[in-house]
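J.: Next comes the structure file my_file.cif, holding mmCIF, C-alpha atoms.
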```
data_coords
loop_
_atom_site.label_atom_id
_atom_site.label_comp_id
_atom_site.auth_asym_id
_atom_site.auth_seq_id
_atom_site.Cartn_x
_atom_site.Cartn_y
_atom_site.Cartn_z
CA MET A 53 -22.05 -47.96 -36.97
CA GLU A 54 -21.93 -45.24 -34.33
CA GLN A 55 -18.59 -43.49 -34.12
CA GLN A 56 -17.07 -43.57 -30.65
CA GLN A 57 -16.37 -40.14 -29.16
CA PRO A 58 -12.94 -39.64 -27.59
CA GLU A 59 -13.15 -39.64 -23.83
CA LYS A 60 -12.92 -36.14 -22.33
CA LYS A 61 -10.31 -35.82 -19.65
CA HIS A 62 -11.41 -34.04 -16.50
CA LYS A 63 -9.51 -30.76 -16.21
CA ARG A 64 -8.31 -30.39 -12.67
CA ARG A 65 -8.00 -27.04 -10.98
CA VAL A 66 -4.42 -25.88 -10.45
CA ARG A 67 -3.59 -26.81 -6.87
CA TYR A 68 -0.77 -26.16 -4.46
CA LYS A 69 2.47 -27.84 -5.41
CA GLY A 70 3.56 -29.24 -2.07
CA THR A 71 2.65 -27.55 1.20
CA HIS A 72 4.25 -24.20 0.40
CA PRO A 73 3.47 -22.95 -3.12
CA ARG A 74 5.97 -20.42 -4.38
CA ARG A 75 4.13 -18.93 -7.33
CA PHE A 76 1.51 -16.25 -6.69
CA GLU A 77 -0.88 -17.82 -9.23
CA GLU A 78 -0.85 -21.15 -7.35
CA LYS A 79 -2.10 -19.67 -4.09
CA TYR A 80 -5.72 -20.10 -5.06
CA LYS A 81 -6.98 -20.28 -1.48
CA GLU A 82 -5.46 -16.97 -0.46
CA LEU A 83 -6.57 -15.37 -3.72
CA ASN A 84 -10.18 -16.14 -2.82
CA PRO A 85 -10.17 -15.41 0.93
CA GLU A 86 -13.94 -15.36 1.32
CA LYS A 87 -14.12 -18.99 0.07
CA TYR A 88 -11.34 -20.36 2.26
CA GLY A 89 -11.77 -18.75 5.68
CA ASP A 90 -10.06 -21.56 7.63
CA THR A 91 -6.93 -21.42 5.49
CA ILE A 92 -6.77 -17.63 5.74
CA GLN A 93 -7.03 -17.71 9.53
CA LYS A 94 -4.16 -20.21 9.71
CA VAL A 95 -1.98 -17.94 7.57
CA ILE A 96 -2.87 -14.87 9.66
CA SER A 97 -2.33 -16.69 12.97
CA LYS A 98 1.27 -17.33 11.91
CA GLY A 99 1.83 -13.58 11.55
CA SER A 100 1.66 -13.57 7.74
CA THR A 101 -0.60 -11.76 5.29
CA PRO A 102 -2.28 -14.10 2.78
CA ALA A 103 -1.47 -13.40 -0.87
CA GLY A 104 -4.04 -11.24 -2.60
CA MET A 105 -5.33 -9.93 0.73
CA HIS A 106 -4.62 -6.98 3.02
CA ILE A 107 -5.01 -6.76 6.79
CA SER A 108 -6.08 -3.27 7.89
CA ILE A 109 -3.94 -1.62 10.56
CA CYS A 110 -4.98 0.39 13.66
CA VAL A 111 -8.69 -0.27 13.03
CA LYS A 112 -9.55 -0.11 16.76
CA GLU A 113 -7.62 3.13 17.28
CA ILE A 114 -9.17 4.78 14.18
CA LEU A 115 -12.73 3.85 15.13
CA GLU A 116 -12.23 5.03 18.74
CA PHE A 117 -10.93 8.39 17.55
CA PHE A 118 -13.59 8.95 14.86
CA ASP A 119 -16.50 7.84 17.10
CA ILE A 120 -18.63 7.52 13.95
CA GLN A 121 -22.35 8.21 14.36
CA PRO A 122 -25.16 7.04 12.03
CA GLY A 123 -25.97 9.74 9.49
CA GLN A 124 -22.43 11.14 9.23
CA LYS A 125 -20.49 11.61 6.00
CA GLY A 126 -16.95 10.26 5.72
CA LEU A 127 -14.11 9.87 3.25
CA ASP A 128 -11.62 7.03 2.95
CA ALA A 129 -8.93 8.68 0.84
CA THR A 130 -7.16 5.35 0.31
CA LEU A 131 -9.67 2.56 -0.33
CA GLY A 132 -7.19 -0.30 -0.94
CA TYR A 133 -8.61 -3.68 0.10
CA GLY A 134 -11.53 -1.89 1.78
CA GLY A 135 -10.94 -3.13 5.33
CA HIS A 136 -11.08 0.29 6.98
CA THR A 137 -13.97 1.35 4.74
CA ARG A 138 -16.03 -1.67 5.71
CA LYS A 139 -15.58 -1.09 9.45
CA MET A 140 -16.54 2.58 9.07
CA LEU A 141 -19.58 1.63 6.98
CA GLU A 142 -20.71 -0.76 9.71
CA LYS A 143 -20.62 2.11 12.23
CA LEU A 144 -23.01 4.13 10.06
CA GLN A 145 -25.68 1.42 10.55
CA GLY A 146 -27.18 2.10 7.12
CA LYS A 147 -27.48 5.88 7.63
CA GLY A 148 -25.06 8.40 6.15
CA HIS A 149 -22.50 7.94 3.38
CA ILE A 150 -18.87 7.10 2.79
CA TYR A 151 -16.90 8.21 -0.24
CA ALA A 152 -13.74 6.28 -1.06
CA LEU A 153 -10.87 7.13 -3.40
CA ASP A 154 -8.26 4.93 -5.09
CA VAL A 155 -6.00 5.36 -8.12
CA ASP A 156 -5.37 1.62 -8.57
CA PRO A 157 -7.66 0.49 -11.42
CA ILE A 158 -6.89 -3.19 -10.79
CA GLU A 159 -7.57 -3.55 -7.06
CA SER A 160 -10.31 -0.91 -6.65
CA VAL A 161 -12.66 -2.81 -8.98
CA LYS A 162 -12.20 -5.99 -6.90
CA THR A 163 -12.77 -4.05 -3.66
CA GLU A 164 -15.90 -2.37 -5.00
CA LYS A 165 -17.40 -5.78 -5.85
CA ARG A 166 -16.37 -7.20 -2.46
CA LEU A 167 -18.08 -4.35 -0.57
CA HIS A 168 -21.20 -4.39 -2.75
CA ASP A 169 -21.48 -8.18 -2.25
CA ALA A 170 -21.26 -7.55 1.51
CA GLY A 171 -24.37 -5.37 1.27
CA PHE A 172 -22.84 -1.90 0.97
CA GLY A 173 -24.46 -0.49 -2.16
CA GLU A 174 -24.39 2.87 -3.87
CA ASP A 175 -26.93 4.27 -1.40
CA ILE A 176 -24.23 4.31 1.31
CA LEU A 177 -20.92 3.95 -0.57
CA THR A 178 -19.47 5.87 -3.53
CA ILE A 179 -16.07 4.89 -4.96
CA LYS A 180 -14.16 7.36 -7.11
CA HIS A 181 -11.11 6.39 -9.15
CA ILE A 182 -9.09 9.53 -8.47
CA ASN A 183 -5.99 10.54 -6.53
CA PHE A 184 -6.52 11.87 -3.00
CA ALA A 185 -4.67 15.03 -4.06
CA ASN A 186 -8.04 15.95 -5.62
CA ILE A 187 -9.87 15.82 -2.28
CA ASP A 188 -10.98 19.43 -2.83
CA GLN A 189 -12.97 18.42 -5.94
CA VAL A 190 -14.81 15.71 -4.01
CA ALA A 191 -15.60 18.05 -1.09
CA LYS A 192 -16.81 20.72 -3.52
CA GLU A 193 -19.13 18.17 -5.15
CA VAL A 194 -20.59 16.50 -2.03
CA GLY A 195 -19.87 18.94 0.81
CA PRO A 196 -17.39 18.78 3.75
CA PHE A 197 -16.75 15.54 5.67
CA ASP A 198 -17.25 14.60 9.32
CA PHE A 199 -14.24 12.28 9.19
CA ILE A 200 -11.41 11.58 6.74
CA LEU A 201 -8.97 8.66 6.78
CA ALA A 202 -5.77 8.30 4.74
CA ASP A 203 -3.74 5.09 5.03
CA LEU A 204 -0.54 5.87 3.13
CA GLY A 205 0.77 2.30 3.00
CA VAL A 206 0.89 0.20 -0.14
CA SER A 207 -1.69 -2.59 0.14
CA SER A 208 -0.40 -6.11 0.69
CA MET A 209 -2.17 -7.46 -2.39
CA GLN A 210 -0.18 -4.94 -4.48
CA ILE A 211 3.10 -5.96 -2.84
CA ASP A 212 2.40 -9.68 -3.24
CA ASN A 213 1.49 -9.57 -6.94
CA PRO A 214 4.73 -10.06 -8.94
CA GLU A 215 3.21 -8.35 -11.97
CA ARG A 216 3.13 -5.05 -10.06
CA GLY A 217 6.87 -5.10 -9.28
CA PHE A 218 6.56 -3.74 -5.73
CA SER A 219 8.81 -6.30 -4.02
CA TYR A 220 12.34 -7.55 -4.55
CA LYS A 221 11.20 -10.93 -3.20
CA PHE A 222 9.32 -11.82 -6.39
CA GLU A 223 10.53 -11.86 -9.99
CA GLY A 224 8.50 -9.42 -12.07
CA PRO A 225 8.67 -6.25 -14.15
CA LEU A 226 10.18 -3.32 -12.26
CA ASP A 227 7.03 -1.20 -12.37
CA LEU A 228 6.03 0.12 -8.89
CA ARG A 229 3.21 2.35 -10.17
CA LEU A 230 0.01 2.46 -8.11
CA ASN A 231 -1.78 3.15 -11.38
CA PRO A 232 0.04 1.20 -14.11
CA GLU A 233 -1.95 3.06 -16.76
CA LYS A 234 -0.31 6.41 -15.96
CA GLY A 235 3.21 7.80 -15.83
CA ILE A 236 6.42 5.82 -16.32
CA SER A 237 7.56 2.62 -14.62
CA ALA A 238 10.51 2.44 -12.23
CA ALA A 239 12.50 0.63 -14.94
CA GLU A 240 11.93 3.56 -17.33
CA ARG A 241 12.78 6.03 -14.56
CA LEU A 242 16.19 4.41 -14.09
CA GLU A 243 17.08 4.46 -17.78
CA ASP A 244 18.33 8.06 -17.85
CA ILE A 245 18.95 8.72 -14.16
CA THR A 246 22.24 10.29 -13.07
CA LYS A 247 24.34 9.03 -10.18
CA ALA A 248 23.75 12.22 -8.16
CA GLU A 249 19.98 12.16 -8.79
CA PHE A 250 19.57 8.52 -7.77
CA GLU A 251 21.74 8.99 -4.68
CA GLY A 252 19.64 11.99 -3.65
CA MET A 253 16.42 10.04 -4.22
CA LEU A 254 17.62 7.13 -2.05
CA ILE A 255 18.60 9.46 0.80
CA GLU A 256 15.53 11.71 0.67
CA ASN A 257 12.91 8.97 0.15
CA ALA A 258 14.36 6.15 2.23
CA ASP A 259 17.34 7.30 4.37
CA GLU A 260 19.45 4.70 2.53
CA PRO A 261 22.92 4.48 4.19
CA TYR A 262 24.52 2.93 1.08
CA ALA A 263 22.92 5.38 -1.37
CA LYS A 264 26.27 6.35 -2.92
CA GLN A 265 27.34 2.76 -3.62
CA ILE A 266 23.92 1.69 -4.98
CA ALA A 267 23.62 4.76 -7.24
CA LYS A 268 27.16 4.25 -8.55
CA GLU A 269 26.59 0.55 -9.36
CA THR A 270 23.17 1.25 -10.94
CA VAL A 271 24.53 3.85 -13.35
CA ALA A 272 27.63 1.74 -14.09
CA THR A 273 25.40 -1.24 -14.95
CA MET A 274 23.39 0.90 -17.36
CA LYS A 275 26.55 2.25 -18.99
CA ARG A 276 27.71 -1.31 -19.61
CA GLY A 277 24.58 -1.70 -21.72
CA LYS A 278 22.65 -3.87 -19.23
CA LYS A 279 19.14 -2.59 -18.64
CA ILE A 280 17.46 -2.96 -15.23
CA LYS A 281 14.04 -4.22 -16.30
CA THR A 282 12.97 -6.59 -13.53
CA THR A 283 12.81 -6.68 -9.73
CA THR A 284 15.57 -9.31 -9.74
CA ASP A 285 17.78 -7.14 -11.97
CA LEU A 286 17.64 -4.36 -9.37
CA LYS A 287 18.18 -6.77 -6.48
CA ASN A 288 21.30 -8.12 -8.24
CA VAL A 289 22.65 -4.58 -8.68
CA ILE A 290 22.16 -3.87 -4.95
CA GLU A 291 23.88 -7.14 -4.03
CA LYS A 292 26.84 -6.21 -6.22
CA ALA A 293 26.96 -2.67 -4.77
CA LEU A 294 27.18 -4.05 -1.21
CA ASN A 295 29.74 -6.72 -2.03
CA PHE A 296 32.36 -4.78 -0.02
CA LEU A 297 30.55 -5.55 3.26
CA PRO A 298 31.74 -8.44 5.48
CA GLU A 299 29.99 -11.67 4.52
CA LYS A 300 28.36 -12.10 7.94
CA ASP A 301 26.61 -8.70 7.63
CA ARG A 302 25.91 -8.72 3.90
CA LYS A 303 22.69 -10.76 3.66
CA GLU A 304 20.76 -8.60 6.15
CA ALA A 305 22.19 -5.37 4.69
CA VAL A 306 21.14 -6.37 1.15
CA LYS A 307 17.62 -7.21 2.38
CA LYS A 308 17.19 -3.84 4.09
CA SER A 309 18.75 -1.88 1.21
CA CYS A 310 16.43 -3.65 -1.24
CA GLN A 311 13.41 -2.65 0.87
CA ARG A 312 14.58 0.97 1.07
CA THR A 313 15.55 1.22 -2.62
CA PHE A 314 12.20 -0.14 -3.79
CA GLN A 315 10.47 2.27 -1.39
CA ALA A 316 12.46 5.23 -2.71
CA LEU A 317 11.63 4.38 -6.32
CA ARG A 318 7.95 3.79 -5.53
CA ILE A 319 7.68 7.19 -3.83
CA ASP A 320 9.36 8.80 -6.82
CA VAL A 321 7.36 7.24 -9.68
CA ASN A 322 4.07 7.89 -7.86
CA SER A 323 5.04 11.43 -6.71
CA GLU A 324 3.94 10.36 -3.23
CA PHE A 325 5.40 13.27 -1.28
CA GLU A 326 3.92 15.81 -3.70
CA VAL A 327 0.41 14.32 -3.54
CA LEU A 328 0.63 14.03 0.26
CA GLU A 329 1.56 17.72 0.49
CA GLU A 330 -1.46 18.55 -1.68
CA LEU A 331 -3.72 16.45 0.53
CA LEU A 332 -2.46 18.13 3.71
CA GLU A 333 -2.92 21.57 2.18
CA LYS A 334 -6.51 20.84 1.07
CA LEU A 335 -7.62 18.89 4.16
CA PRO A 336 -8.92 21.80 6.28
CA ASP A 337 -11.37 22.96 3.61
CA ALA A 338 -12.57 19.38 3.05
CA LEU A 339 -13.46 18.92 6.75
CA ALA A 340 -16.67 20.10 8.38
CA PRO A 341 -16.28 22.21 11.58
CA GLY A 342 -15.33 19.72 14.32
CA GLY A 343 -14.46 17.16 11.61
CA LYS A 344 -11.71 14.63 12.33
CA VAL A 345 -8.81 13.39 10.21
CA ALA A 346 -6.53 10.40 10.86
CA ILE A 347 -3.46 9.55 8.77
CA LEU A 348 -1.39 6.36 8.87
CA THR A 349 2.22 6.73 7.72
CA PHE A 350 4.89 4.10 7.17
CA HIS A 351 8.21 5.92 7.02
CA SER A 352 9.85 9.00 8.50
CA GLY A 353 9.47 11.24 5.42
CA GLU A 354 5.67 10.88 5.40
CA ASP A 355 5.39 11.21 9.16
CA ARG A 356 7.41 14.45 9.19
CA LEU A 357 5.11 16.06 6.61
CA VAL A 358 1.95 15.06 8.53
CA LYS A 359 3.38 16.09 11.92
CA HIS A 360 4.39 19.57 10.72
CA ALA A 361 1.13 20.17 8.81
CA PHE A 362 -0.97 19.33 11.87
CA LYS A 363 1.29 21.29 14.23
CA ASP A 364 1.27 24.36 11.97
CA GLY A 365 -2.51 24.01 11.50
CA LYS A 366 -3.06 24.10 15.25
CA LYS A 367 -0.84 27.17 15.64
CA ALA A 368 -2.87 28.91 12.93
CA GLY A 369 -6.14 28.01 14.68
CA ILE A 370 -7.27 25.71 11.84
CA TYR A 371 -7.20 22.64 14.09
CA SER A 372 -8.51 22.77 17.65
CA ASP A 373 -6.58 19.66 18.67
CA VAL A 374 -3.88 17.39 17.24
CA ALA A 375 -2.22 14.17 18.43
CA LYS A 376 0.55 15.11 20.85
CA ASP A 377 2.31 11.80 20.41
CA VAL A 378 2.34 9.34 17.56
CA ILE A 379 -0.01 6.36 18.00
CA ARG A 380 1.40 2.93 17.17
CA PRO A 381 -0.29 -0.45 16.68
CA SER A 382 -0.36 -2.70 19.77
CA LYS A 383 2.24 -5.42 20.29
CA GLU A 384 -0.50 -7.98 19.68
CA GLU A 385 -1.38 -6.44 16.32
CA CYS A 386 2.28 -6.30 15.25
CA ALA A 387 2.72 -9.96 16.24
CA GLN A 388 -0.25 -10.92 14.07
CA ASN A 389 0.65 -8.59 11.19
CA GLY A 390 4.35 -7.98 10.61
CA ARG A 391 3.55 -5.19 8.14
CA ALA A 392 2.08 -3.10 10.99
CA LYS A 393 5.41 -2.62 12.77
CA SER A 394 6.43 0.59 10.98
CA THR A 395 2.97 2.21 11.20
CA LYS A 396 2.47 5.61 12.84
CA MET A 397 -0.92 7.25 13.27
CA ARG A 398 -1.52 10.96 13.74
CA TRP A 399 -4.84 12.78 14.01
CA ALA A 400 -6.30 16.28 14.05
CA VAL A 401 -9.68 17.89 14.77
CA LYS A 402 -10.85 20.93 12.79
CA ALA A 403 -11.80 23.96 14.84
CA LYS A 404 -15.55 24.68 15.05
#
```
Kindly return the structure encoded in the file as structure tokens.
T.:
Amino acid sequence: MEQQQPEKKHKRRVRYKGTHPRRFEEKYKELNPEKYGDTIQKVISKGSTPAGMHISICVKEILEFFDIQPGQKGLDATLGYGGHTRKMLEKLQGKGHIYALDVDPIESVKTEKRLHDAGFGEDILTIKHINFANIDQVAKEVGPFDFILADLGVSSMQIDNPERGFSYKFEGPLDLRLNPEKGISAAERLEDITKAEFEGMLIENADEPYAKQIAKETVATMKRGKKIKTTTDLKNVIEKALNFLPEKDRKEAVKKSCQRTFQALRIDVNSEFEVLEELLEKLPDALAPGGKVAILTFHSGEDRLVKHAFKDGKKAGIYSDVAKDVIRPSKEECAQNGRAKSTKMRWAVKAK
């Protein structure tokens, strides 16, 4: 007699729970944007950035300034999701080459596949997994560039992934490293920090008005034997530090202080100011005569460094022209992409 096999149950794909899934892993449509174009457009039209995706900022302004010609050689110092890179590649019309840099080993692999699948192979695109502070090494290897772009913002897909610890909005390990394989996490950074050091970091990296209170509460929490290991742990510390504020003002103040504190820690653990200073110092030698550079910044500390470097470069005759005023995204772009609101673009042209 033939033995009856147990019936196999069909394994269903994990789907949205309700209309608004909370967990990052449940947002399968946004995590595969190419497969679900209609859904993505709906999310974007509401002024949001789909999880696992990044909307490039100031694309029109960058392309107008660069005026890319077929046959030119360019560098995207911050590959990210590859949105800027793709638009610049399209302008080359199959002639020339773009080199792109990124320290994030997780996202850069996904971006490389996405661009290769779109038809941009190794004949026109080379991706290097190095920090843009090493721009001199790349220029030495392949020669000077006709145009260089650096978008200093953290990509949305990094912010939205709880495992990366970039946002107070999601529970996850307090990491904040662009390359989680190098250096120490933000949680480890806080373990031995002094009150004065943390206060200074919050002021210098984020202009935090409640730096003193947040630093005091952070160190006091550690001394009580409670480690700050997760994004929620840090958010709770900030909430406690701002408990003295009137209730009507507290919620908004906590939100803004969380944003600034996470920013300050991210800048610190990734040495962002130091690597930006290196980039600015090495830029002139990496540009061909008449070559153009555009940099997108997202807070005052970055913008100050770029502004002074370009201004000093023009005085020294290194740059023939620099942006007189900061360029900002249009109102329409900011309405469609809330993360564009703090963006500032500056540019410079190397003397011939």
J.: What is the atom CA of Glu223 of chain A to atom CA of Gly235 of chain A distance in Å?
T.: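 That distance, rounded to one decimal, is 21.8 Å.
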J.: Run the PyMOL selection byres ((chain A and resi 332-346) around 8) mentally over the shown coordinates, then write out the matched residues as a PyMOL selection string, using the chain letters and numbers from the document.
T.: chain A and resi 114+118+185+187-188+191-192+195-202+328-331+347-348+358+361+370+397-404
J.: Between atom CA of Gly365 of chain A and atom CA of Phe184 of chain A, what is the distance, to one decimal in Å?
T.: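 These two atoms are separated by 19.3 Å.
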J.: Which residues fall under the PyMOL selection byres ((chain A and resi 148-151) around 12) in this file, as an NGL selection string?
T.: :A and (120-131 or 134 or 136-147 or 152-154 or 164 or 167 or 172-182 or 184 or 187 or 190-191 or 193-201)
J.: May I ask for the distance between atom CA of Val155 of chain A and atom CA of Leu230 of chain A, given in Å to one decimal place?
T.: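 Atom CA of Leu230 of chain A lies 6.7 Å from atom CA of Val155 of chain A.
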J.: Could you pull the residues within 12 Å of Asn288 of chain A, counting only C-alpha atoms, minus those fewer than 4 positions along the same chain, as an MDAnalysis selection string?
T.: chainID A and resid 220:221 223 266 269:270 273 278:284 292:295 306:307 309:310
J.: Would you mind exporting the chosen residues as a tab-separated table (two decimals), in the frame of the given file, restricted to C-alpha atoms?
T.:
```tsv
chain	number	residue	atom	x	y	z
A	220	TYR	CA	12.34	-7.55	-4.55
A	221	LYS	CA	11.20	-10.93	-3.20
A	223	GLU	CA	10.53	-11.86	-9.99
A	266	ILE	CA	23.92	1.69	-4.98
A	269	GLU	CA	26.59	0.55	-9.36
A	270	THR	CA	23.17	1.25	-10.94
A	273	THR	CA	25.40	-1.24	-14.95
A	278	LYS	CA	22.65	-3.87	-19.23
A	279	LYS	CA	19.14	-2.59	-18.64
A	280	ILE	CA	17.46	-2.96	-15.23
A	281	LYS	CA	14.04	-4.22	-16.30
A	282	THR	CA	12.97	-6.59	-13.53
A	283	THR	CA	12.81	-6.68	-9.73
A	284	THR	CA	15.57	-9.31	-9.74
A	292	LYS	CA	26.84	-6.21	-6.22
A	293	ALA	CA	26.96	-2.67	-4.77
A	294	LEU	CA	27.18	-4.05	-1.21
A	295	ASN	CA	29.74	-6.72	-2.03
A	306	VAL	CA	21.14	-6.37	1.15
A	307	LYS	CA	17.62	-7.21	2.38
A	309	SER	CA	18.75	-1.88	1.21
A	310	CYS	CA	16.43	-3.65	-1.24
```
J.: Give the answer as one residue: which of A:Asn231, A:Ser108, A:Ser160, A:Ser352 has the shortest atom-to-atom distance to Asn322 of chain A, using only C-alpha atoms?
T.: A:Asn231
J.: Pick from A:Glu304, A:Asp227, A:Asp169, A:Glu291: nearest to Arg318 of chain A, with all atoms listed in the file counted?
T.: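 Ranking A:Glu304, A:Asp227, A:Asp169, A:Glu291 by distance to Arg318 of chain A, first place goes to A:Asp227.
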J.: On this structure, the PyMOL selection byres ((chain A and resi 380-394) around 6) would catch which residues? List them as a tab-separated table (two decimals) with C-alpha atoms, in the coordinates of the input, sorted by chain and number.
T.:
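Saved to selection.tsv:
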```tsv
chain	number	residue	atom	x	y	z
A	99	GLY	CA	1.83	-13.58	11.55
A	110	CYS	CA	-4.98	0.39	13.66
A	350	PHE	CA	4.89	4.10	7.17
A	379	ILE	CA	-0.01	6.36	18.00
A	395	THR	CA	2.97	2.21	11.20
A	396	LYS	CA	2.47	5.61	12.84
```
J.: Please write a file for segment 386-394 of chain A, taken from the block I just shared, that holds all heavy atoms and is laid out as a short mmCIF file (atom, residue, chain, number, x, y, z; two decimals), in the first residue's frame.
T.:
```
data_model
loop_
_atom_site.label_atom_id
_atom_site.label_comp_id
_atom_site.auth_asym_id
_atom_site.auth_seq_id
_atom_site.Cartn_x
_atom_site.Cartn_y
_atom_site.Cartn_z
N CYS A 386 11.89 70.25 -2.66
CA CYS A 386 11.76 70.10 -1.21
C CYS A 386 10.39 69.56 -0.81
O CYS A 386 10.27 68.79 0.15
CB CYS A 386 12.02 71.44 -0.51
SG CYS A 386 13.74 71.98 -0.62
N ALA A 387 9.37 69.94 -1.57
CA ALA A 387 8.01 69.45 -1.30
C ALA A 387 7.92 67.96 -1.58
O ALA A 387 7.23 67.21 -0.88
CB ALA A 387 6.99 70.20 -2.14
N GLN A 388 8.65 67.52 -2.61
CA GLN A 388 8.62 66.10 -2.99
C GLN A 388 9.58 65.25 -2.17
O GLN A 388 9.38 64.07 -1.98
CB GLN A 388 8.99 65.96 -4.48
CG GLN A 388 8.10 64.97 -5.19
CD GLN A 388 8.49 64.79 -6.65
OE1 GLN A 388 9.63 65.00 -7.05
NE2 GLN A 388 7.54 64.39 -7.46
N ASN A 389 10.63 65.89 -1.65
CA ASN A 389 11.65 65.18 -0.88
C ASN A 389 12.04 66.01 0.34
O ASN A 389 12.86 66.92 0.25
CB ASN A 389 12.88 64.91 -1.76
CG ASN A 389 13.98 64.16 -1.03
OD1 ASN A 389 13.78 63.70 0.10
ND2 ASN A 389 15.12 64.03 -1.66
N GLY A 390 11.43 65.70 1.47
CA GLY A 390 11.66 66.46 2.70
C GLY A 390 13.12 66.50 3.11
O GLY A 390 13.57 67.44 3.76
N ARG A 391 13.89 65.47 2.72
CA ARG A 391 15.30 65.40 3.12
C ARG A 391 16.17 66.37 2.33
O ARG A 391 17.37 66.49 2.58
CB ARG A 391 15.79 63.95 2.98
CG ARG A 391 15.18 63.05 4.04
CD ARG A 391 15.45 61.58 3.83
NE ARG A 391 14.82 60.80 4.90
CZ ARG A 391 14.74 59.49 4.92
NH1 ARG A 391 15.24 58.78 3.94
NH2 ARG A 391 14.14 58.86 5.93
N ALA A 392 15.57 67.07 1.36
CA ALA A 392 16.34 68.03 0.55
C ALA A 392 16.40 69.41 1.20
O ALA A 392 17.21 70.25 0.80
CB ALA A 392 15.73 68.15 -0.83
N LYS A 393 15.56 69.64 2.19
CA LYS A 393 15.39 70.99 2.74
C LYS A 393 16.67 71.62 3.30
O LYS A 393 16.85 72.83 3.21
CB LYS A 393 14.31 70.98 3.83
CG LYS A 393 12.91 70.79 3.26
CD LYS A 393 11.88 70.65 4.35
CE LYS A 393 10.50 70.35 3.75
NZ LYS A 393 9.50 70.06 4.80
N SER A 394 17.54 70.81 3.87
CA SER A 394 18.75 71.39 4.49
C SER A 394 19.95 71.42 3.53
O SER A 394 21.05 71.81 3.91
CB SER A 394 19.13 70.58 5.73
OG SER A 394 19.36 69.23 5.38
#
```
